[in-house]
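Source file: data.json (JSON, C-alpha atoms)
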[["chain", "number", "residue", "atom", "x", "y", "z"],
["J", 1, "MET", "CA", 82.17, -39.97, -40.75],
["J", 2, "PRO", "CA", 85.13, -41.08, -42.94],
["J", 3, "ALA", "CA", 84.11, -42.85, -46.16],
["J", 4, "ASP", "CA", 86.09, -46.00, -45.31],
["J", 5, "PHE", "CA", 84.22, -46.61, -42.05],
["J", 6, "GLU", "CA", 80.63, -47.57, -41.32],
["J", 7, "LEU", "CA", 78.61, -47.46, -38.12],
["J", 8, "GLU", "CA", 77.84, -50.95, -36.81],
["J", 9, "ASP", "CA", 75.33, -51.86, -34.10],
["J", 10, "THR", "CA", 76.74, -54.29, -31.52],
["J", 11, "PRO", "CA", 75.33, -55.61, -28.21],
["J", 12, "ALA", "CA", 77.54, -53.03, -26.47],
["J", 13, "GLY", "CA", 76.18, -50.23, -28.67],
["J", 14, "PRO", "CA", 77.22, -48.64, -31.95],
["J", 15, "ARG", "CA", 80.88, -48.69, -33.01],
["J", 16, "MET", "CA", 82.89, -47.63, -36.04],
["J", 17, "SER", "CA", 83.80, -50.64, -38.21],
["J", 18, "PRO", "CA", 86.51, -50.32, -40.90],
["J", 19, "GLN", "CA", 85.55, -51.57, -44.33],
["J", 20, "ALA", "CA", 87.89, -53.67, -46.43],
["J", 21, "ILE", "CA", 91.07, -51.87, -47.46],
["J", 22, "GLY", "CA", 94.00, -52.86, -49.64],
["J", 23, "ARG", "CA", 94.34, -54.78, -52.88],
["J", 24, "THR", "CA", 93.87, -58.35, -54.04],
["J", 25, "ARG", "CA", 97.28, -58.82, -55.73],
["J", 26, "TRP", "CA", 100.65, -58.09, -54.12],
["J", 27, "ALA", "CA", 104.30, -58.79, -54.96],
["J", 28, "ILE", "CA", 107.40, -58.96, -52.80],
["J", 29, "ALA", "CA", 110.28, -58.83, -55.27],
["J", 30, "GLU", "CA", 112.97, -59.43, -52.65],
["J", 31, "GLY", "CA", 113.05, -62.67, -50.69],
["J", 32, "TYR", "CA", 115.84, -64.55, -48.94],
["J", 33, "ILE", "CA", 115.74, -66.73, -45.83],
["J", 34, "PRO", "CA", 119.20, -66.64, -44.24],
["J", 35, "PRO", "CA", 120.47, -70.20, -43.68],
["J", 36, "GLU", "CA", 121.96, -69.51, -40.24],
["J", 37, "SER", "CA", 120.72, -67.86, -37.06],
["J", 38, "HIS", "CA", 122.25, -66.50, -33.88],
["J", 39, "GLY", "CA", 120.28, -66.50, -30.65],
["J", 40, "PRO", "CA", 117.41, -68.45, -29.12],
["J", 41, "ALA", "CA", 114.89, -70.14, -31.42],
["J", 42, "PRO", "CA", 112.23, -69.48, -32.48],
["J", 43, "THR", "CA", 112.36, -65.78, -31.52],
["J", 44, "MET", "CA", 115.74, -65.06, -33.08],
["J", 45, "THR", "CA", 115.58, -67.54, -35.97],
["J", 46, "SER", "CA", 116.38, -65.75, -39.24],
["J", 47, "HIS", "CA", 113.14, -65.47, -41.20],
["J", 48, "GLU", "CA", 111.00, -63.75, -43.81],
["J", 49, "THR", "CA", 107.48, -62.73, -42.85],
["J", 50, "ALA", "CA", 104.46, -61.51, -44.78],
["J", 51, "CYS", "CA", 102.18, -59.53, -42.48],
["J", 52, "LEU", "CA", 98.66, -59.84, -43.91],
["J", 53, "LEU", "CA", 95.94, -57.44, -42.72],
["J", 54, "ASN", "CA", 92.30, -58.25, -43.44],
["J", 55, "ALA", "CA", 90.29, -55.28, -42.17],
["J", 56, "GLY", "CA", 87.13, -56.37, -43.98],
["J", 57, "ASP", "CA", 84.14, -58.41, -42.87],
["J", 58, "GLU", "CA", 84.87, -61.52, -45.01],
["J", 59, "ALA", "CA", 87.63, -64.11, -44.58],
["J", 60, "ALA", "CA", 90.52, -63.70, -47.02],
["J", 61, "ASN", "CA", 91.54, -66.81, -48.93],
["J", 62, "VAL", "CA", 95.17, -66.17, -49.85],
["J", 63, "ALA", "CA", 97.40, -67.98, -52.36],
["J", 64, "ILE", "CA", 101.17, -67.40, -52.43],
["J", 65, "THR", "CA", 103.38, -68.35, -55.38],
["J", 66, "ILE", "CA", 107.18, -68.33, -55.00],
["J", 67, "TYR", "CA", 109.46, -67.46, -57.96],
["J", 68, "PHE", "CA", 113.15, -68.34, -58.23],
["J", 69, "THR", "CA", 116.08, -67.26, -60.42],
["J", 70, "ASP", "CA", 116.93, -70.74, -61.70],
["J", 71, "ARG", "CA", 113.84, -72.98, -61.46],
["J", 72, "GLU", "CA", 110.10, -73.03, -61.99],
["J", 73, "PRO", "CA", 107.82, -71.37, -59.39],
["J", 74, "CYS", "CA", 106.37, -73.35, -56.50],
["J", 75, "GLY", "CA", 103.00, -73.02, -54.86],
["J", 76, "PRO", "CA", 100.43, -72.02, -54.36],
["J", 77, "TYR", "CA", 100.71, -72.00, -50.59],
["J", 78, "ARG", "CA", 97.22, -71.39, -49.18],
["J", 79, "VAL", "CA", 96.33, -69.55, -45.98],
["J", 80, "LYS", "CA", 93.17, -67.97, -44.62],
["J", 81, "VAL", "CA", 93.02, -64.66, -42.75],
["J", 82, "PRO", "CA", 89.82, -64.29, -40.72],
["J", 83, "PRO", "CA", 87.79, -61.08, -41.01],
["J", 84, "ARG", "CA", 89.11, -58.09, -39.04],
["J", 85, "ARG", "CA", 92.35, -59.93, -38.22],
["J", 86, "THR", "CA", 96.05, -59.98, -39.06],
["J", 87, "LEU", "CA", 98.31, -62.93, -39.83],
["J", 88, "HIS", "CA", 102.08, -62.76, -39.49],
["J", 89, "LEU", "CA", 103.12, -65.60, -41.78],
["J", 90, "ARG", "CA", 106.73, -66.77, -41.64],
["J", 91, "PHE", "CA", 107.82, -68.05, -45.03],
["J", 92, "ASN", "CA", 110.11, -70.42, -43.07],
["J", 93, "ASP", "CA", 106.98, -72.24, -41.87],
["J", 94, "LEU", "CA", 105.48, -72.87, -45.31],
["J", 95, "ARG", "CA", 105.66, -76.61, -46.03],
["J", 96, "ASN", "CA", 102.97, -77.53, -48.53],
["J", 97, "PRO", "CA", 103.62, -78.03, -51.43],
["J", 98, "GLU", "CA", 107.32, -77.80, -50.38],
["J", 99, "PRO", "CA", 109.53, -75.87, -47.94],
["J", 100, "ILE", "CA", 111.12, -72.68, -49.29],
["J", 101, "PRO", "CA", 114.88, -73.31, -49.49],
["J", 102, "ARG", "CA", 117.16, -71.35, -47.15],
["J", 103, "GLY", "CA", 119.98, -69.30, -48.63],
["J", 104, "THR", "CA", 118.16, -68.91, -51.98],
["J", 105, "ASP", "CA", 116.94, -65.73, -53.67],
["J", 106, "TYR", "CA", 113.22, -65.72, -54.40],
["J", 107, "ALA", "CA", 110.23, -63.44, -54.93],
["J", 108, "SER", "CA", 106.56, -63.92, -54.12],
["J", 109, "VAL", "CA", 103.16, -63.03, -55.52],
["J", 110, "ILE", "CA", 100.31, -62.95, -53.01],
["J", 111, "GLU", "CA", 96.73, -63.12, -54.26],
["J", 112, "SER", "CA", 93.57, -62.79, -52.19],
["J", 113, "ASP", "CA", 89.88, -63.07, -52.99],
["J", 114, "VAL", "CA", 89.18, -59.93, -50.90],
["J", 115, "PRO", "CA", 91.29, -56.77, -50.41],
["J", 116, "ILE", "CA", 94.14, -57.11, -47.90],
["J", 117, "VAL", "CA", 97.29, -55.15, -47.02],
["J", 118, "VAL", "CA", 100.71, -56.87, -47.15],
["J", 119, "GLN", "CA", 103.91, -55.84, -45.39],
["J", 120, "HIS", "CA", 107.22, -57.72, -45.76],
["J", 121, "THR", "CA", 109.72, -58.18, -42.92],
["J", 122, "ARG", "CA", 113.04, -60.01, -42.65],
["J", 123, "LEU", "CA", 115.04, -60.80, -39.54],
["J", 124, "ASP", "CA", 118.64, -61.65, -40.38],
["J", 125, "SER", "CA", 120.30, -63.02, -37.25],
["J", 126, "ARG", "CA", 123.33, -64.68, -38.84],
["J", 127, "GLN", "CA", 125.42, -62.46, -36.55],
["J", 128, "ALA", "CA", 124.87, -61.40, -32.96],
["J", 129, "GLU", "CA", 124.09, -57.90, -34.34],
["J", 130, "GLU", "CA", 120.73, -58.65, -35.97],
["J", 131, "ALA", "CA", 119.37, -56.80, -38.97],
["J", 132, "LEU", "CA", 115.65, -56.11, -39.42],
["J", 133, "LEU", "CA", 114.16, -54.99, -42.73],
["J", 134, "SER", "CA", 110.53, -54.08, -43.37],
["J", 135, "THR", "CA", 108.75, -52.79, -46.49],
["J", 136, "ILE", "CA", 105.25, -52.52, -47.88],
["J", 137, "ALA", "CA", 104.76, -54.94, -50.77],
["J", 138, "TYR", "CA", 103.91, -53.73, -54.27],
["J", 139, "ALA", "CA", 100.15, -53.75, -54.89],
["J", 140, "GLN", "CA", 98.24, -53.97, -58.13]]

Now, as a test, write the supplied structure out as structure tokens.
Amino acid sequence: MPADFELEDTPAGPRMSPQAIGRTRWAIAEGYIPPESHGPAPTMTSHETACLLNAGDEAANVAITIYFTDREPCGPYRVKVPPRRTLHLRFNDLRNPEPIPRGTDYASVIESDVPIVVQHTRLDSRQAEEALLSTIAYAQ
């Protein structure tokens, strides 16, 4: 049996259960929410997304801090990812403590109290020919 899995007894019988994977501190150095969009909302709205995977058995309490080129950071934005779940979090939807400005360069640091995996995705639909970018965040 692989070292990162354990056998779990369930009412339906034993099953392989993944243990927590990932890191507790991540950075996305490149952030930009395009100010315009082309196509039907919300599907084709230009956006930045952090895809958060919590494969462990405990909820992940996540704090996100946003850094800018010309002002002090904002945050933390707080979200919870239930155990054995994923959350696709659009930065466009973050409101508290303040919305992230469109058309502005920024970076983010994502911290969790349990290991998670973070992937970054951007949809740029300023033109009819959309651009999609996806990367794994830097982990420490």

(message) I'd like the interatomic distance between atom CA of J:Pro101 and atom CA of J:Asn61, to a tenth of an Å.
(response) 24.2 Å

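Among the candidate residues J:Ile116, J:Ala20, J:Val79, J:Ala139, the one lying nearest to J:Ile64 is J:Val79, with distances computed using only C-alpha atoms.
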
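The nearest approach to J:Ala59 among the residues J:His120, J:Arg85, J:Arg23, J:Arg78, with all atoms listed in the file taken into account, belongs to J:Arg85.
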
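When the distance limit is 10 Å and only C-alpha atoms are what count, the residues near J:Ile21, minus those fewer than 2 positions from it on the same chain, are Asp4, Pro18, Gln19, Arg23, Thr24, Leu53, Asn54, Ala55, Gly56, Val114, Pro115, Ile116 and Val117 of chain J.
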
(request) Find the residues around J:Tyr106 up to 6 Å (only C-alpha atoms counted), leave out those fewer than 3 positions away in its own chain, and share them as an MDAnalysis selection string. (result) chainID J and resid 31 67:68

(request) Considering only C-alpha atoms, state which residue in the set J:Ser108, J:Thr86, J:Asn96, J:Thr49 is at the smallest distance from J:Ala29. (result) J:Ser108

(message) Could you check which residues have any atom within 10 Å of (106.8, -78.6, -51.9), counting only C-alpha atoms with coordinates taken straight from the file, and then list them as an MDAnalysis selection string?
(response) chainID J and resid 74:77 94:101

Atoms kept (C-alpha atoms) for selection, written as a PDB file, in the coordinates of the input:
ATOM      1  CA  CYS J  74     106.370 -73.350 -56.500  1.00  0.00           C
ATOM      2  CA  GLY J  75     103.000 -73.020 -54.860  1.00  0.00           C
ATOM      3  CA  PRO J  76     100.430 -72.020 -54.360  1.00  0.00           C
ATOM      4  CA  TYR J  77     100.710 -72.000 -50.590  1.00  0.00           C
ATOM      5  CA  LEU J  94     105.480 -72.870 -45.310  1.00  0.00           C
ATOM      6  CA  ARG J  95     105.660 -76.610 -46.030  1.00  0.00           C
ATOM      7  CA  ASN J  96     102.970 -77.530 -48.530  1.00  0.00           C
ATOM      8  CA  PRO J  97     103.620 -78.030 -51.430  1.00  0.00           C
ATOM      9  CA  GLU J  98     107.320 -77.800 -50.380  1.00  0.00           C
ATOM     10  CA  PRO J  99     109.530 -75.870 -47.940  1.00  0.00           C
ATOM     11  CA  ILE J 100     111.120 -72.680 -49.290  1.00  0.00           C
ATOM     12  CA  PRO J 101     114.880 -73.310 -49.490  1.00  0.00           C
TER      13      PRO J 101
END

Fewer than 6 positions away in the same chain doesn't count, so skip those; otherwise give me all residues within 7 Å of J:His88, counting all atoms listed in the file, as a JSON list (two decimals) with C-alpha atoms, in the coordinates of the input.
[["chain", "number", "residue", "atom", "x", "y", "z"],
["J", 49, "THR", "CA", 107.48, -62.73, -42.85],
["J", 50, "ALA", "CA", 104.46, -61.51, -44.78],
["J", 51, "CYS", "CA", 102.18, -59.53, -42.48],
["J", 52, "LEU", "CA", 98.66, -59.84, -43.91]]

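Between atom CA of J:Tyr32 and atom CA of J:Ala60 lies a distance of 25.4 Å.
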